file upload-v2.tsv (TSV, C-alpha atoms)
chain	number	residue	atom	x	y	z
A	1	MET	CA	-36.31	4.26	-107.31
A	2	GLU	CA	-32.72	3.09	-107.83
A	3	TRP	CA	-33.16	3.51	-111.59
A	4	ILE	CA	-34.42	7.10	-111.16
A	5	SER	CA	-31.67	7.99	-108.69
A	6	ARG	CA	-28.89	6.66	-110.92
A	7	CYS	CA	-30.25	8.48	-113.93
A	8	VAL	CA	-30.67	11.81	-112.15
A	9	ASN	CA	-27.12	11.57	-110.88
A	10	SER	CA	-25.80	10.88	-114.37
A	11	LEU	CA	-27.80	13.68	-115.95
A	12	TYR	CA	-26.45	16.24	-113.46
A	13	SER	CA	-22.94	14.87	-113.42
A	14	SER	CA	-20.22	17.50	-113.93
A	15	SER	CA	-18.23	15.03	-116.01
A	16	PRO	CA	-17.98	16.03	-119.69
A	17	ASN	CA	-18.44	12.32	-120.48
A	18	ALA	CA	-21.66	11.96	-118.48
A	19	LYS	CA	-23.54	10.59	-121.46
A	20	GLU	CA	-20.94	7.88	-122.06
A	21	THR	CA	-20.88	6.86	-118.38
A	22	CYS	CA	-24.66	6.80	-118.05
A	23	PRO	CA	-25.91	3.43	-116.75
A	24	ASP	CA	-27.69	1.11	-119.17
A	25	ASP	CA	-31.06	1.80	-117.53
A	26	CYS	CA	-30.84	5.59	-117.64
A	27	THR	CA	-33.86	7.82	-118.04
A	28	ALA	CA	-33.66	10.19	-121.04
A	29	LEU	CA	-30.72	8.42	-122.68
A	30	CYS	CA	-31.52	4.74	-123.17
A	31	LEU	CA	-34.15	2.07	-122.72
A	32	PRO	CA	-33.80	0.21	-119.41
A	33	PRO	CA	-33.28	-3.54	-119.73
A	34	LEU	CA	-36.34	-5.73	-119.38
A	35	LYS	CA	-36.03	-7.56	-116.09
A	36	SER	CA	-38.74	-10.17	-115.88
A	37	GLU	CA	-39.30	-12.15	-112.71
A	38	PRO	CA	-41.08	-15.47	-112.17
A	39	LEU	CA	-44.79	-14.77	-111.84
A	40	PRO	CA	-47.29	-16.52	-109.59
A	41	ALA	CA	-48.91	-19.51	-111.23
A	42	ILE	CA	-52.22	-18.80	-112.92
A	43	GLN	CA	-55.23	-20.53	-111.44
A	44	SER	CA	-58.30	-21.19	-113.52
A	45	THR	CA	-61.87	-20.63	-112.48
A	46	THR	CA	-64.84	-21.65	-114.58
A	47	THR	CA	-67.29	-19.32	-112.94
A	48	SER	CA	-68.20	-16.00	-114.52
A	49	ASP	CA	-71.02	-15.28	-112.11
A	50	CYS	CA	-71.84	-11.66	-111.54
A	51	GLY	CA	-70.78	-11.54	-107.91
A	52	ALA	CA	-73.20	-9.58	-105.79
A	53	CYS	CA	-75.38	-8.52	-108.72
A	54	THR	CA	-79.02	-9.48	-108.55
A	55	PHE	CA	-80.86	-10.87	-111.54
A	56	PRO	CA	-81.95	-8.88	-113.37
A	57	CYS	CA	-79.21	-6.47	-112.29
A	58	ALA	CA	-80.37	-3.06	-111.14
A	59	GLN	CA	-76.83	-1.81	-110.44
A	60	HIS	CA	-75.28	-1.95	-113.91
A	61	PRO	CA	-76.50	-1.05	-117.41
A	62	SER	CA	-77.47	-4.08	-119.47
A	63	VAL	CA	-75.62	-4.92	-122.68
A	64	PRO	CA	-78.02	-5.31	-125.63
A	65	SER	CA	-76.08	-8.28	-127.00
A	66	GLN	CA	-78.73	-9.45	-129.43
A	67	GLN	CA	-79.40	-6.01	-130.87
A	68	LEU	CA	-75.69	-5.35	-131.31
A	69	GLY	CA	-75.03	-8.74	-132.86
A	70	ILE	CA	-72.44	-9.81	-130.29
A	71	ASP	CA	-71.26	-13.36	-130.93
A	72	GLN	CA	-72.32	-15.64	-128.10
A	73	SER	CA	-71.50	-19.02	-129.63
A	74	GLN	CA	-67.98	-19.11	-131.06
A	75	PRO	CA	-65.27	-20.40	-128.65
A	76	LEU	CA	-63.16	-17.57	-127.24
A	77	HIS	CA	-59.90	-19.42	-126.58
A	78	ASN	CA	-57.06	-18.59	-129.01
A	79	THR	CA	-58.89	-15.73	-130.73
A	80	VAL	CA	-55.96	-13.33	-130.21
A	81	PRO	CA	-52.97	-13.67	-132.58
A	82	ALA	CA	-49.54	-13.83	-130.99
A	83	TYR	CA	-47.61	-10.57	-130.55
A	84	ALA	CA	-44.27	-9.46	-129.15
A	85	ILE	CA	-44.79	-5.92	-127.87
A	86	HIS	CA	-47.61	-3.40	-127.51
A	87	LEU	CA	-47.21	0.32	-128.21
A	88	VAL	CA	-50.00	2.29	-126.53
A	89	ILE	CA	-50.19	5.93	-127.66
A	90	LEU	CA	-51.60	8.16	-124.92
A	91	THR	CA	-53.76	10.53	-126.99
A	92	GLY	CA	-55.97	12.02	-124.27
A	93	LYS	CA	-59.12	11.41	-126.34
A	94	SER	CA	-61.38	8.56	-127.45
A	95	ASP	CA	-62.95	9.85	-130.68
A	96	TRP	CA	-60.35	8.37	-133.01
A	97	PRO	CA	-61.04	7.90	-136.73
A	98	ALA	CA	-62.26	4.49	-137.84
A	99	HIS	CA	-58.78	3.63	-139.11
A	100	ILE	CA	-56.03	4.92	-136.81
A	101	GLU	CA	-53.50	3.81	-139.43
A	102	ASP	CA	-54.65	6.77	-141.54
A	103	GLU	CA	-53.76	9.51	-139.06
A	104	GLY	CA	-50.97	10.90	-136.92
A	105	LEU	CA	-48.45	8.99	-134.86
A	106	ALA	CA	-50.29	5.66	-135.19
A	107	GLN	CA	-50.07	5.94	-138.97
A	108	ALA	CA	-46.37	6.74	-138.85
A	109	LEU	CA	-45.60	3.84	-136.51
A	110	ILE	CA	-47.60	1.32	-138.51
A	111	GLU	CA	-45.93	2.42	-141.74
A	112	ALA	CA	-42.48	2.12	-140.14
A	113	ILE	CA	-43.35	-1.36	-138.85
A	114	HIS	CA	-44.48	-2.57	-142.28
A	115	GLU	CA	-41.49	-0.98	-144.02
A	116	ARG	CA	-38.95	-3.14	-142.21
A	117	ARG	CA	-41.06	-5.90	-140.68
A	118	LYS	CA	-38.22	-8.46	-140.64
A	119	VAL	CA	-35.90	-6.12	-138.72
A	120	TRP	CA	-38.06	-5.71	-135.63
A	121	LYS	CA	-37.38	-8.88	-133.65
A	122	ARG	CA	-36.99	-9.60	-129.97
A	123	THR	CA	-35.63	-12.65	-128.21
A	124	GLU	CA	-38.03	-14.94	-126.37
A	125	ALA	CA	-36.96	-13.47	-123.03
A	126	ASN	CA	-38.01	-9.97	-124.12
A	127	ARG	CA	-41.42	-10.48	-125.68
A	128	TYR	CA	-44.83	-11.91	-124.95
A	129	ARG	CA	-45.55	-15.59	-125.50
A	130	SER	CA	-48.91	-17.33	-125.39
A	131	LEU	CA	-49.67	-19.67	-122.51
A	132	LEU	CA	-52.70	-21.32	-124.10
A	133	ASN	CA	-52.42	-24.56	-125.98
A	134	THR	CA	-52.90	-23.56	-129.63
A	135	GLY	CA	-54.19	-26.98	-130.60
A	136	ASP	CA	-53.46	-28.28	-134.10
A	137	ASN	CA	-50.27	-27.81	-136.12
A	138	GLU	CA	-51.81	-25.19	-138.41
A	139	GLN	CA	-52.69	-22.94	-135.45
A	140	LYS	CA	-49.22	-23.41	-133.98
A	141	GLN	CA	-47.62	-22.43	-137.28
A	142	GLN	CA	-49.75	-19.29	-137.48
A	143	GLN	CA	-48.76	-18.33	-133.93
A	144	GLN	CA	-45.08	-18.80	-134.75
A	145	GLN	CA	-45.40	-16.55	-137.81
A	146	GLN	CA	-47.04	-13.82	-135.72
A	147	GLN	CA	-44.87	-14.03	-132.62
A	148	GLN	CA	-42.89	-10.87	-133.55
A	149	ARG	CA	-46.04	-8.85	-134.27
A	150	ILE	CA	-46.16	-5.28	-132.94
A	151	LEU	CA	-49.48	-3.92	-131.70
A	152	VAL	CA	-50.16	-0.20	-132.05
A	153	THR	CA	-53.14	1.19	-130.14
A	154	ASN	CA	-54.48	4.63	-129.26
A	155	ALA	CA	-55.59	5.16	-125.65
A	156	SER	CA	-57.72	7.76	-123.91
A	157	LEU	CA	-55.11	8.42	-121.22
A	158	PRO	CA	-53.37	11.80	-121.51
A	159	SER	CA	-49.69	12.32	-122.27
A	160	THR	CA	-48.33	13.66	-118.98
A	161	PHE	CA	-44.60	13.59	-119.74
A	162	SER	CA	-44.43	15.01	-123.26
A	163	THR	CA	-43.71	18.73	-123.55
A	164	LYS	CA	-43.06	19.20	-127.26
A	165	ARG	CA	-45.76	20.36	-129.65
A	166	GLY	CA	-47.46	17.51	-131.47
A	167	ALA	CA	-45.68	14.89	-129.35
A	168	PHE	CA	-47.17	12.03	-127.35
A	169	ASP	CA	-46.27	9.62	-124.59
A	170	VAL	CA	-46.03	6.01	-125.77
A	171	HIS	CA	-46.50	3.29	-123.19
A	172	LEU	CA	-44.30	0.32	-124.13
A	173	LEU	CA	-45.28	-3.16	-123.01
A	174	PRO	CA	-43.97	-5.55	-121.73
A	175	ASP	CA	-41.17	-3.15	-120.73
A	176	ASN	CA	-43.75	-1.13	-118.77
A	177	VAL	CA	-42.11	2.22	-119.44
A	178	VAL	CA	-43.42	5.47	-120.88
A	179	ILE	CA	-41.42	7.01	-123.73
A	180	ALA	CA	-42.09	10.75	-123.97
A	181	ASN	CA	-42.05	13.34	-126.76
A	182	VAL	CA	-42.63	10.91	-129.60
A	183	THR	CA	-43.64	12.60	-132.87
A	184	SER	CA	-44.65	11.20	-136.23
A	185	ARG	CA	-41.31	12.25	-137.67
A	186	ARG	CA	-39.49	10.13	-135.09
A	187	ALA	CA	-41.65	7.00	-135.46
A	188	LYS	CA	-38.93	4.98	-137.17
A	189	LYS	CA	-36.35	6.28	-134.71
A	190	LEU	CA	-38.55	5.07	-131.86
A	191	LEU	CA	-38.57	1.54	-133.23
A	192	GLU	CA	-34.81	1.62	-133.70
A	193	PHE	CA	-34.49	2.74	-130.08
A	194	ILE	CA	-36.83	0.03	-128.78
A	195	TYR	CA	-35.09	-2.68	-130.78
A	196	ASN	CA	-31.61	-1.42	-129.92
A	197	ARG	CA	-30.55	-0.90	-133.51
A	198	PRO	CA	-27.07	0.52	-134.28
A	199	ASN	CA	-26.83	4.32	-133.99
A	200	ALA	CA	-30.31	4.56	-132.43
A	201	GLU	CA	-31.17	8.02	-131.16
A	202	PRO	CA	-31.95	8.53	-127.45
A	203	PHE	CA	-35.48	9.05	-126.14
A	204	GLU	CA	-36.88	10.30	-122.86
A	205	VAL	CA	-37.97	7.28	-120.81
A	206	HIS	CA	-39.96	7.17	-117.57
A	207	PRO	CA	-40.98	4.27	-115.33
A	208	SER	CA	-44.65	3.45	-115.86
A	209	PRO	CA	-46.93	4.85	-113.14
A	210	PHE	CA	-49.26	1.84	-113.56
A	211	ASP	CA	-48.99	-1.41	-111.61
A	212	ASN	CA	-51.93	-2.79	-113.59
A	213	LEU	CA	-53.20	-1.33	-116.85
A	214	LEU	CA	-56.72	-2.25	-118.04
A	215	LEU	CA	-57.48	-1.47	-121.68
A	216	VAL	CA	-61.09	-1.53	-122.85
A	217	CYS	CA	-61.92	-1.37	-126.55
A	218	GLY	CA	-64.21	1.63	-127.03
A	219	HIS	CA	-63.54	2.46	-130.68
A	220	ALA	CA	-67.00	3.76	-131.61
A	221	ARG	CA	-66.11	4.90	-135.14
A	222	LYS	CA	-64.67	1.46	-135.89
A	223	ASP	CA	-67.49	-0.68	-134.57
A	224	LYS	CA	-70.79	0.02	-132.81
A	225	ARG	CA	-70.46	-2.98	-130.51
A	226	CYS	CA	-67.29	-1.87	-128.73
A	227	GLY	CA	-68.36	1.76	-129.04
A	228	THR	CA	-71.48	0.93	-127.03
A	229	VAL	CA	-70.11	-1.55	-124.51
A	230	GLY	CA	-66.68	0.05	-123.96
A	231	PRO	CA	-67.77	3.12	-121.96
A	232	MET	CA	-70.03	0.92	-119.82
A	233	LEU	CA	-67.10	-1.34	-118.95
A	234	LYS	CA	-64.74	1.55	-118.23
A	235	LYS	CA	-67.12	2.96	-115.64
A	236	ALA	CA	-67.83	-0.43	-114.06
A	237	LEU	CA	-64.11	-1.31	-113.93
A	238	GLU	CA	-63.21	2.02	-112.35
A	239	ASP	CA	-65.90	1.46	-109.71
A	240	ALA	CA	-64.66	-2.11	-109.11
A	241	VAL	CA	-61.03	-0.98	-108.80
A	242	GLY	CA	-62.05	1.62	-106.23
A	243	MET	CA	-64.13	-0.81	-104.22
A	244	ALA	CA	-61.42	-3.48	-104.26
A	245	GLY	CA	-58.72	-0.99	-103.27
A	246	VAL	CA	-56.24	-2.19	-105.90
A	247	SER	CA	-53.78	-0.12	-107.91
A	248	ALA	CA	-54.95	-0.10	-111.53
A	249	GLU	CA	-55.59	2.37	-114.35
A	250	VAL	CA	-58.50	1.94	-116.77
A	251	ALA	CA	-58.55	3.41	-120.29
A	252	LEU	CA	-60.55	3.20	-123.48
A	253	VAL	CA	-58.50	2.14	-126.49
A	254	SER	CA	-58.84	1.81	-130.24
A	255	HIS	CA	-59.42	-1.42	-132.17
A	256	LEU	CA	-57.98	-4.50	-130.46
A	257	GLY	CA	-59.48	-7.10	-132.76
A	258	GLY	CA	-62.51	-9.27	-132.10
A	259	HIS	CA	-65.31	-6.69	-132.09
A	260	ALA	CA	-67.74	-9.58	-132.42
A	261	PHE	CA	-66.78	-10.50	-128.84
A	262	ALA	CA	-67.52	-7.10	-127.27
A	263	GLY	CA	-66.84	-6.08	-124.60
A	264	ASN	CA	-63.14	-6.63	-125.07
A	265	LEU	CA	-60.71	-6.14	-122.21
A	266	VAL	CA	-56.91	-6.51	-122.00
A	267	MET	CA	-55.44	-6.65	-118.51
A	268	TYR	CA	-51.72	-5.96	-118.16
A	269	THR	CA	-50.85	-7.15	-114.66
A	270	HIS	CA	-47.63	-7.60	-112.69
A	271	GLN	CA	-46.13	-4.39	-114.14
A	272	GLY	CA	-46.94	-5.51	-117.67
A	273	GLN	CA	-45.36	-8.95	-117.45
A	274	ARG	CA	-48.69	-10.75	-117.92
A	275	ALA	CA	-51.46	-9.97	-120.43
A	276	ILE	CA	-54.96	-11.42	-120.00
A	277	TRP	CA	-57.42	-10.95	-122.86
A	278	TYR	CA	-61.13	-11.24	-122.10
A	279	GLY	CA	-64.16	-11.12	-124.38
A	280	ARG	CA	-67.94	-10.84	-123.93
A	281	VAL	CA	-67.36	-8.85	-120.75
A	282	THR	CA	-70.35	-7.02	-119.27
A	283	PRO	CA	-70.43	-4.46	-116.44
A	284	CYS	CA	-71.69	-7.18	-114.10
A	285	HIS	CA	-68.46	-9.15	-114.62
A	286	CYS	CA	-66.14	-6.32	-113.62
A	287	MET	CA	-65.98	-6.78	-109.85
A	288	ASP	CA	-65.40	-10.50	-110.29
A	289	ILE	CA	-62.67	-9.83	-112.88
A	290	ILE	CA	-60.79	-7.44	-110.58
A	291	HIS	CA	-61.05	-9.81	-107.65
A	292	GLN	CA	-60.09	-12.92	-109.61
A	293	SER	CA	-57.47	-11.65	-112.07
A	294	ILE	CA	-55.67	-8.98	-110.04
A	295	VAL	CA	-56.16	-9.98	-106.42
A	296	GLN	CA	-56.02	-13.78	-106.81
A	297	ASP	CA	-54.11	-14.33	-110.10
A	298	ARG	CA	-56.94	-16.34	-111.60
A	299	VAL	CA	-58.46	-16.25	-115.06
A	300	ILE	CA	-62.13	-16.71	-115.84
A	301	GLN	CA	-62.27	-19.38	-118.50
A	302	ASP	CA	-65.76	-18.44	-119.68
A	303	LEU	CA	-64.45	-15.04	-120.81
A	304	LEU	CA	-60.85	-15.90	-121.69
A	305	ARG	CA	-59.53	-15.18	-125.19
A	306	ALA	CA	-55.77	-15.46	-124.49
A	307	VAL	CA	-53.02	-15.23	-121.88
A	308	PHE	CA	-49.49	-14.02	-122.62
A	309	GLU	CA	-46.41	-13.71	-120.43
A	310	VAL	CA	-42.89	-12.43	-120.97
A	311	GLY	CA	-40.44	-15.15	-121.94
A	312	CYS	CA	-42.73	-17.91	-120.73
A	313	SER	CA	-42.20	-21.40	-122.13
A	314	ARG	CA	-44.95	-23.17	-120.20
A	315	VAL	CA	-48.33	-24.04	-121.67
A	316	LEU	CA	-51.60	-24.13	-119.74
A	317	ASP	CA	-53.37	-27.35	-120.58
A	318	TRP	CA	-56.97	-26.28	-120.01
call {"tool": "encode", "arguments": {"input": "upload-v2.tsv", "output": "structure tokens"}}
result
Amino acid sequence: MEWISRCVNSLYSSSPNAKETCPDDCTALCLPPLKSEPLPAIQSTTTSDCGACTFPCAQHPSVPSQQLGIDQSQPLHNTVPAYAIHLVILTGKSDWPAHIEDEGLAQALIEAIHERRKVWKRTEANRYRSLLNTGDNEQKQQQQQQQQRILVTNASLPSTFSTKRGAFDVHLLPDNVVIANVTSRRAKKLLEFIYNRPNAEPFEVHPSPFDNLLLVCGHARKDKRCGTVGPMLKKALEDAVGMAGVSAEVALVSHLGGHAFAGNLVMYTHQGQRAIWYGRVTPCHCMDIIHQSIVQDRVIQDLLRAVFEVGCSRVLDW
């Protein structure tokens, strides 16, 4: 609230130099600084039991794993490459083309990222870092090479702040803010703004309305597995969130990687400071996931693909 109050005051200031005197964390003029706080320690649980579900479950739809060819044998740990930030485009739909890099704002952002890949870098304190032990030296080297990677994903959530034609809201993580009125023409300008490049243009920034953001891969045109399982998980997660009484938003998103491990779920908790990646999730897991990973700060090892935190230097030796 202090951020909003300070920004409103600066925007309506009668001073002709209001823009110059605007605080560093001002809405509409500049990106607020990322202020990460120590997070509760993560506890591990090895159970992925289906809670109160009976067997066979009559409450949730079953996932036809064998028919879909979902991988049930490969280890899940460390199946998510390292990344620094995640740009989630709020498109208000879920019928994206098979390759989002061929259309609209996602295409423009991905092209801008590839054009100047070496420019877009964040310090360790301002990006995600993996908490899992990556094992051998080759894996560690690959993680180091990918640690500045930028994820671009379409989401089914609507753009509620953007007012310009053809513009979208972009949810930036780990900053946990929503940048409004982003168009394809301003894709490169957005990256310059996020990375605080010289002469970066201002953007309209809003605090994220989400305490916890749950992203479920449901990219049907990309892969049948996530296209089938994703909508099932979204419904089950929404029901679980309601029953648990926690504050969380659930959305379908485009390709996250690892379709063979459907259903795929990314949980951004603690206002985006922690990212938990799960695979092989079924509707029966959802209540247990909400209870364990949001309420109790635990991760379910049987389903765990990766864990990332902002600026974290510790490693979980599981």
call {"tool": "residues_around", "arguments": {"input": "upload-v2.tsv", "residues": "region 79-93 of chain A", "least_positions_apart": "2", "cutoff": "9 Å", "atoms": "only C-alpha atoms", "output": "PyMOL selection string"}}
result
chain A and resi 75-77+95-96+105-106+121-122+124+126-130+142-160+168-175+252-253+257-258+277+305-306+308+310
call {"tool": "atom_distance", "arguments": {"input": "upload-v2.tsv", "atom1": "CA of Ser65 (chain A)", "atom2": "CA of Lys235 (chain A)"}}
result
18.3 Å
call {"tool": "residues_around", "arguments": {"input": "upload-v2.tsv", "residues": "region 229-233 of chain A", "least_positions_apart": "6", "cutoff": "9 Å", "atoms": "only C-alpha atoms", "output": "VMD selection string"}}
result
chain A and resid 60 to 64 216 to 220 252 to 253 262 to 265 281 to 284 286
call {"tool": "closest_residue", "arguments": {"input": "upload-v2.tsv", "among": "A:Gly311, A:Gly104, A:Pro32, A:Gly279", "to": "Arg225 (chain A)", "atoms": "all atoms listed in the file"}}
result
A:Gly279
call {"tool": "residues_around", "arguments": {"input": "upload-v2.tsv", "residues": "region 204-212 of chain A", "least_positions_apart": "5", "cutoff": "6 Å", "atoms": "all atoms listed in the file", "output": "CSV table (one decimal) with C-alpha atoms, keeping the file's coordinate frame"}}
result
chain,number,residue,atom,x,y,z
A,27,THR,CA,-33.9,7.8,-118.0
A,28,ALA,CA,-33.7,10.2,-121.0
A,176,ASN,CA,-43.8,-1.1,-118.8
A,177,VAL,CA,-42.1,2.2,-119.4
A,178,VAL,CA,-43.4,5.5,-120.9
A,179,ILE,CA,-41.4,7.0,-123.7
A,180,ALA,CA,-42.1,10.8,-124.0
A,248,ALA,CA,-55.0,-0.1,-111.5
A,268,TYR,CA,-51.7,-6.0,-118.2
A,269,THR,CA,-50.8,-7.2,-114.7
A,271,GLN,CA,-46.1,-4.4,-114.1
call {"tool": "atom_distance", "arguments": {"input": "upload-v2.tsv", "atom1": "CA of Leu316 (chain A)", "atom2": "CA of Asp302 (chain A)"}}
result
15.3 Å
call {"tool": "atom_distance", "arguments": {"input": "upload-v2.tsv", "atom1": "CA of Leu303 (chain A)", "atom2": "CA of Lys222 (chain A)"}}
result
22.4 Å
call {"tool": "closest_residue", "arguments": {"input": "upload-v2.tsv", "among": "A:Leu132, A:Leu215, A:Ile110, A:Ala41", "to": "Gln301 (chain A)", "atoms": "all atoms listed in the file"}}
result
A:Leu132
call {"tool": "residues_around", "arguments": {"input": "upload-v2.tsv", "residues": "Arg221 (chain A)", "least_positions_apart": "2", "cutoff": "10 Å", "atoms": "only C-alpha atoms", "output": "PyMOL selection string"}}
result
chain A and resi 94-99+218-219+223-224+226-227+254-255
call {"tool": "closest_residue", "arguments": {"input": "upload-v2.tsv", "among": "A:Glu238, A:Val246, A:Asn181, A:Leu34", "to": "Ala167 (chain A)", "atoms": "all atoms listed in the file"}}
result
A:Asn181
call {"tool": "closest_residue", "arguments": {"input": "upload-v2.tsv", "among": "A:Arg298, A:Lys234, A:Arg197, A:His259", "to": "Arg280 (chain A)", "atoms": "only C-alpha atoms"}}
result
A:His259
call {"tool": "closest_residue", "arguments": {"input": "upload-v2.tsv", "among": "A:Pro38, A:Gly69, A:Gly166, A:Pro202", "to": "Ala260 (chain A)", "atoms": "only C-alpha atoms"}}
result
A:Gly69
call {"tool": "closest_residue", "arguments": {"input": "upload-v2.tsv", "among": "A:Ser44, A:Ser36, A:Ser73, A:Thr183", "to": "Ala125 (chain A)", "atoms": "only C-alpha atoms"}}
result
A:Ser36
call {"tool": "build_atoms", "arguments": {"input": "upload-v2.tsv", "residues": "region 77-88 of chain A", "atoms": "N, CA, C and O atoms", "output": "PDB file, keeping the file's coordinate frame"}}
result
ATOM      1  N   HIS A  77     -61.313 -19.075-126.731  1.00  0.00           N
ATOM      2  CA  HIS A  77     -59.900 -19.420-126.580  1.00  0.00           C
ATOM      3  C   HIS A  77     -59.153 -19.316-127.913  1.00  0.00           C
ATOM      4  O   HIS A  77     -59.649 -19.736-128.962  1.00  0.00           O
ATOM      5  N   ASN A  78     -57.956 -18.732-127.844  1.00  0.00           N
ATOM      6  CA  ASN A  78     -57.060 -18.590-129.010  1.00  0.00           C
ATOM      7  C   ASN A  78     -57.667 -17.732-130.113  1.00  0.00           C
ATOM      8  O   ASN A  78     -57.464 -17.990-131.302  1.00  0.00           O
ATOM      9  N   THR A  79     -58.376 -16.670-129.735  1.00  0.00           N
ATOM     10  CA  THR A  79     -58.890 -15.730-130.730  1.00  0.00           C
ATOM     11  C   THR A  79     -58.064 -14.442-130.768  1.00  0.00           C
ATOM     12  O   THR A  79     -58.488 -13.452-131.359  1.00  0.00           O
ATOM     13  N   VAL A  80     -56.884 -14.471-130.158  1.00  0.00           N
ATOM     14  CA  VAL A  80     -55.960 -13.330-130.210  1.00  0.00           C
ATOM     15  C   VAL A  80     -54.646 -13.815-130.823  1.00  0.00           C
ATOM     16  O   VAL A  80     -53.985 -14.689-130.259  1.00  0.00           O
ATOM     17  N   PRO A  81     -54.246 -13.266-131.977  1.00  0.00           N
ATOM     18  CA  PRO A  81     -52.970 -13.670-132.580  1.00  0.00           C
ATOM     19  C   PRO A  81     -51.791 -13.318-131.671  1.00  0.00           C
ATOM     20  O   PRO A  81     -51.848 -12.375-130.879  1.00  0.00           O
ATOM     21  N   ALA A  82     -50.735 -14.078-131.792  1.00  0.00           N
ATOM     22  CA  ALA A  82     -49.540 -13.830-130.990  1.00  0.00           C
ATOM     23  C   ALA A  82     -48.971 -12.437-131.305  1.00  0.00           C
ATOM     24  O   ALA A  82     -49.149 -11.912-132.404  1.00  0.00           O
ATOM     25  N   TYR A  83     -48.288 -11.857-130.347  1.00  0.00           N
ATOM     26  CA  TYR A  83     -47.610 -10.570-130.550  1.00  0.00           C
ATOM     27  C   TYR A  83     -46.439 -10.468-129.589  1.00  0.00           C
ATOM     28  O   TYR A  83     -46.386 -11.146-128.564  1.00  0.00           O
ATOM     29  N   ALA A  84     -45.488  -9.605-129.936  1.00  0.00           N
ATOM     30  CA  ALA A  84     -44.270  -9.460-129.150  1.00  0.00           C
ATOM     31  C   ALA A  84     -44.339  -8.298-128.175  1.00  0.00           C
ATOM     32  O   ALA A  84     -44.035  -8.441-126.988  1.00  0.00           O
ATOM     33  N   ILE A  85     -44.722  -7.125-128.706  1.00  0.00           N
ATOM     34  CA  ILE A  85     -44.790  -5.920-127.870  1.00  0.00           C
ATOM     35  C   ILE A  85     -46.057  -5.147-128.206  1.00  0.00           C
ATOM     36  O   ILE A  85     -46.682  -5.357-129.244  1.00  0.00           O
ATOM     37  N   HIS A  86     -46.423  -4.235-127.320  1.00  0.00           N
ATOM     38  CA  HIS A  86     -47.610  -3.400-127.510  1.00  0.00           C
ATOM     39  C   HIS A  86     -47.221  -1.946-127.291  1.00  0.00           C
ATOM     40  O   HIS A  86     -46.700  -1.586-126.224  1.00  0.00           O
ATOM     41  N   LEU A  87     -47.447  -1.123-128.304  1.00  0.00           N
ATOM     42  CA  LEU A  87     -47.210   0.320-128.210  1.00  0.00           C
ATOM     43  C   LEU A  87     -48.556   1.004-128.025  1.00  0.00           C
ATOM     44  O   LEU A  87     -49.410   0.969-128.906  1.00  0.00           O
ATOM     45  N   VAL A  88     -48.743   1.630-126.865  1.00  0.00           N
ATOM     46  CA  VAL A  88     -50.000   2.290-126.530  1.00  0.00           C
ATOM     47  C   VAL A  88     -49.767   3.799-126.540  1.00  0.00           C
ATOM     48  O   VAL A  88     -49.034   4.325-125.700  1.00  0.00           O
TER      49      VAL A  88
END
